[in-house]
Amino acid sequence: MKVSQIPKVSIVISTWNSGAVLHHCLENLSKQTVNDFEIIIVDNGSSDKAIEQLQERWPTLNFQIKELEENKGFSVANNIGARLARGHWLALLNSDAFPEPDWLEQLLRAAESHPGFNFFASRQIQANAPELLDGAGDTYHISGLASRRFYNYPVDQFGLEAEEVFSACAAAAFYSREVFLQVGGFDEDFFSYLEDVDLSFRLQLQGFRCLYVPDAVVKHVGSTSVGVQSDFALYHWQRNYIWTFVHNMPSGLLWEALPAHLMANIIYQLKYTAQGRGKVLWKGKVDACKGLPHALQKRNQVQKTRKISQADLLSKLNRGWFEPYLLNYKSRKLRRG
């Protein structure tokens with residue numbers, strides 16, 4: 001591939017024993033209609049040897065490869081990739097996310113035509129159920145619960161228009177590298193799960209804005225390394241959504257939102273206890289509480305540098321009391337319809 005000395009885009013892919021999907025991802029990147037990019041692969045101590053001889057197998061791609069001795073997590077790996085990156089734009093792509101040929105072209109076009117936005121969300125389609133959306137950017141509820149917009153909704157009816165969203169899912173996200181680094185990148189205490197929502201919250205507090213780009217399409221498998229409903233995923237989700245809430249919710253909204261946040265904790269504890277998985281959730285919540293002194297230190301720094309007003313932030317949040325708990329019901333009803 002011919003690239004300029006400093007590429008316009010740096011694509012960062014964090015891998016951990018993901019050889020089964022990594023080569024499919026790279027095959028799709030080799031077909032991009034824009035070729036001014038580098039690929040930075042940060043391997044989290046994999047044992048599957050998937051990164052061996054990548055340059056020989058994909059001679060047209062411009063690689064940097066960073067091998068870590070152990071699995072340091074999604075957050076650390078992507079931050080390392082961001083620091084190694086040379087491009088003005090930083091594209092984060094999961095190894096199990098397969099971009100359409102014009103994915104990068106559409107993101108660059110959106111960035112150039114919407115200079116008021118600093119980070120961008122892709123249109124994600126479920127790789128194993130292509131009639132359904134995997135997400136169209138992320139929403140954030142005042143309770144602290146985050147969700148992918150239109151997850152499991154029919155792909156031909158939803159997510160068809162460009163619009164401002166709260167967050168970009170890091171499975172296929174596009175950032176100004178400068179602003180990504182300016183706010184410190186991902187919180188490395190998170191390891192994985194909700195690190196992208198926490199980052200987006202900090203970006204929003206600084207006055208940066210996120211645009212959903214419906215023409216930038218990827219097909220996403222999701223959780224190929226750890227499993228969608230694994231204890232690992234459940235633990236980190238429950239721990240990290242508390243930290244995200246504590247770090248970022250401004251004081252005036254924190255007390256208003258606290259009853260909804262506590263209700264969410266209780267509802268999910270009851271739900272997963274009934275499923276025989278309450279122990280995992282309790283561990284996540286206990287560890288979240290143990291980490292609160294450190295989380296409050298981070299909160300002080302985040303809130304000290306906040307630029308957006310509380311009223312403007314509130315306009316970006318979902319607020320219906322029961323809205324987060326009806327998402328699965330709504331998607332099932334649409335699919336039946």
# chains A, B, ... in the order shown; residues from 1 in each chain; ligands from 1

call {"tool": "residues_around", "arguments": {"residues": "Leu296 (chain A)", "least_positions_apart": "5", "cutoff": "10 Å", "atoms": "only C-alpha atoms", "output": "list in words"}}
result
Trp243, Val246, His247, Asn248, Gly291, Gln301 and Val302 of chain A

call {"tool": "write_last_selection", "arguments": {"atoms": "N, CA and C atoms", "output": "PDB file, in the first residue's frame"}}
result
ATOM      1  N   TRP A 243     -18.382   3.059  38.254  1.00  0.00           N
ATOM      2  CA  TRP A 243     -17.261   3.996  38.163  1.00  0.00           C
ATOM      3  C   TRP A 243     -17.515   5.093  37.127  1.00  0.00           C
ATOM      4  N   VAL A 246     -19.809   7.616  38.734  1.00  0.00           N
ATOM      5  CA  VAL A 246     -19.145   8.385  39.787  1.00  0.00           C
ATOM      6  C   VAL A 246     -18.142   9.375  39.201  1.00  0.00           C
ATOM      7  N   HIS A 247     -17.361   8.941  38.223  1.00  0.00           N
ATOM      8  CA  HIS A 247     -16.353   9.816  37.620  1.00  0.00           C
ATOM      9  C   HIS A 247     -16.965  11.070  37.001  1.00  0.00           C
ATOM     10  N   ASN A 248     -18.090  10.897  36.316  1.00  0.00           N
ATOM     11  CA  ASN A 248     -18.477  11.886  35.321  1.00  0.00           C
ATOM     12  C   ASN A 248     -19.733  12.688  35.606  1.00  0.00           C
ATOM     13  N   GLY A 291     -12.991   0.493  45.028  1.00  0.00           N
ATOM     14  CA  GLY A 291     -12.268   1.437  44.178  1.00  0.00           C
ATOM     15  C   GLY A 291     -12.794   2.857  44.239  1.00  0.00           C
ATOM     16  N   GLN A 301     -10.750  15.580  39.297  1.00  0.00           N
ATOM     17  CA  GLN A 301     -10.041  16.106  38.134  1.00  0.00           C
ATOM     18  C   GLN A 301     -10.986  16.310  36.957  1.00  0.00           C
ATOM     19  N   VAL A 302     -11.869  15.334  36.728  1.00  0.00           N
ATOM     20  CA  VAL A 302     -12.815  15.432  35.614  1.00  0.00           C
ATOM     21  C   VAL A 302     -13.725  16.643  35.786  1.00  0.00           C
TER      22      VAL A 302
END

call {"tool": "residues_around", "arguments": {"residues": "Ala129 (chain A)", "least_positions_apart": "2", "cutoff": "10 Å", "atoms": "only C-alpha atoms", "output": "number ranges by chain"}}
result
A: 125-127, 131-134, 152, 155, 219-221

call {"tool": "closest_residue", "arguments": {"among": "A:Ile39, A:Ile51, A:Lys279, A:Thr305", "to": "Asn17 (chain A)", "atoms": "only C-alpha atoms"}}
result
A:Ile51

call {"tool": "closest_residue", "arguments": {"among": "A:Gln275, A:Ser192, A:Ser230, A:Asn118", "to": "Cys210 (chain A)", "atoms": "only C-alpha atoms"}}
result
A:Asn118

call {"tool": "closest_residue", "arguments": {"among": "A:Phe245, A:Phe201, A:Phe232, A:Phe186", "to": "Lys283 (chain A)", "atoms": "only C-alpha atoms"}}
result
A:Phe232

call {"tool": "residues_around", "arguments": {"residues": "Ser10 (chain A)", "least_positions_apart": "2", "cutoff": "8 Å", "atoms": "only C-alpha atoms", "output": "list in words"}}
result
Pro7, Lys8, Val12, Phe37, Glu38, Ile39, Ile40, Ala85, Arg86, Gly87, His88, Trp89, Leu90 and Ala91 of chain A

call {"tool": "residues_around", "arguments": {"residues": "Ala50 (chain A)", "least_positions_apart": "6", "cutoff": "10 Å", "atoms": "only C-alpha atoms", "output": "list in words"}}
result
Thr15, Trp16, Asn17, Ser18, Gly19, Ala20, Val21, Leu22, His23 and Asp43 of chain A

call {"tool": "residues_around", "arguments": {"residues": "region 162-179 of chain A", "least_positions_apart": "3", "cutoff": "8 Å", "atoms": "only C-alpha atoms", "output": "ChimeraX atom specification"}}
result
/A:82,87-94,97,107,118-122,124,137-140,148,159,182-183,196-197,200-201,203-204,209-214,218,220,316-317

call {"tool": "closest_residue", "arguments": {"among": "A:Ser147, A:Asn265, A:Gln310, A:Ser75", "to": "Asn328 (chain A)", "atoms": "only C-alpha atoms"}}
result
A:Ser147

call {"tool": "residues_around", "arguments": {"residues": "Cys25 (chain A)", "least_positions_apart": "3", "cutoff": "6 Å", "atoms": "only C-alpha atoms", "output": "JSON, numbers by chain"}}
result
{"A": [22, 28, 95, 98]}

call {"tool": "write_last_selection", "arguments": {"atoms": "C-alpha atoms", "output": "PDB file, in the first residue's frame"}}
result
ATOM      1  CA  LEU A  22      -8.449 -11.125  12.753  1.00  0.00           C
ATOM      2  CA  ASN A  28     -11.737  -6.166   4.662  1.00  0.00           C
ATOM      3  CA  SER A  95     -10.681  -7.748  15.393  1.00  0.00           C
ATOM      4  CA  PHE A  98     -15.518  -6.344   9.476  1.00  0.00           C
TER       5      PHE A  98
END

call {"tool": "closest_atom_pairs", "arguments": {"of": "region 169-244 of chain A", "to": "region 269-273 of chain A", "cutoff": "12 Å", "atoms": "only C-alpha atoms", "output": "CSV"}}
result
residue,atom,partner,partner_atom,distance
A:Gln229,CA,A:Tyr272,CA,11.3
A:Asp231,CA,A:Tyr272,CA,11.1
A:Leu234,CA,A:Tyr272,CA,9.7
A:Tyr235,CA,A:Tyr272,CA,11.4
A:Gln238,CA,A:Gln269,CA,9.5

call {"tool": "closest_residue", "arguments": {"among": "A:Trp255, A:Leu314, A:Trp58, A:Leu327", "to": "Tyr153 (chain A)", "atoms": "only C-alpha atoms"}}
result
A:Leu327

call {"tool": "select_by_dssp", "arguments": {"residues": "region 74-230 of chain A", "states": "strand (DSSP E)", "output": "ChimeraX atom specification"}}
result
/A:89-93,97-99,119-126,133-136,138-140,146-148,163-165,172-176,210-220

call {"tool": "atom_distance", "arguments": {"atom1": "CA of Thr60 (chain A)", "atom2": "CA of Ile6 (chain A)"}}
result
16.7 Å

call {"tool": "residues_around", "arguments": {"residues": "Pro59 (chain A)", "least_positions_apart": "3", "cutoff": "12 Å", "atoms": "only C-alpha atoms", "output": "list in words"}}
result
Met1, Lys2, Leu26, Glu27, Ser30, Gln53, Leu54, Gln55, Glu56, Asn62 and Phe63 of chain A
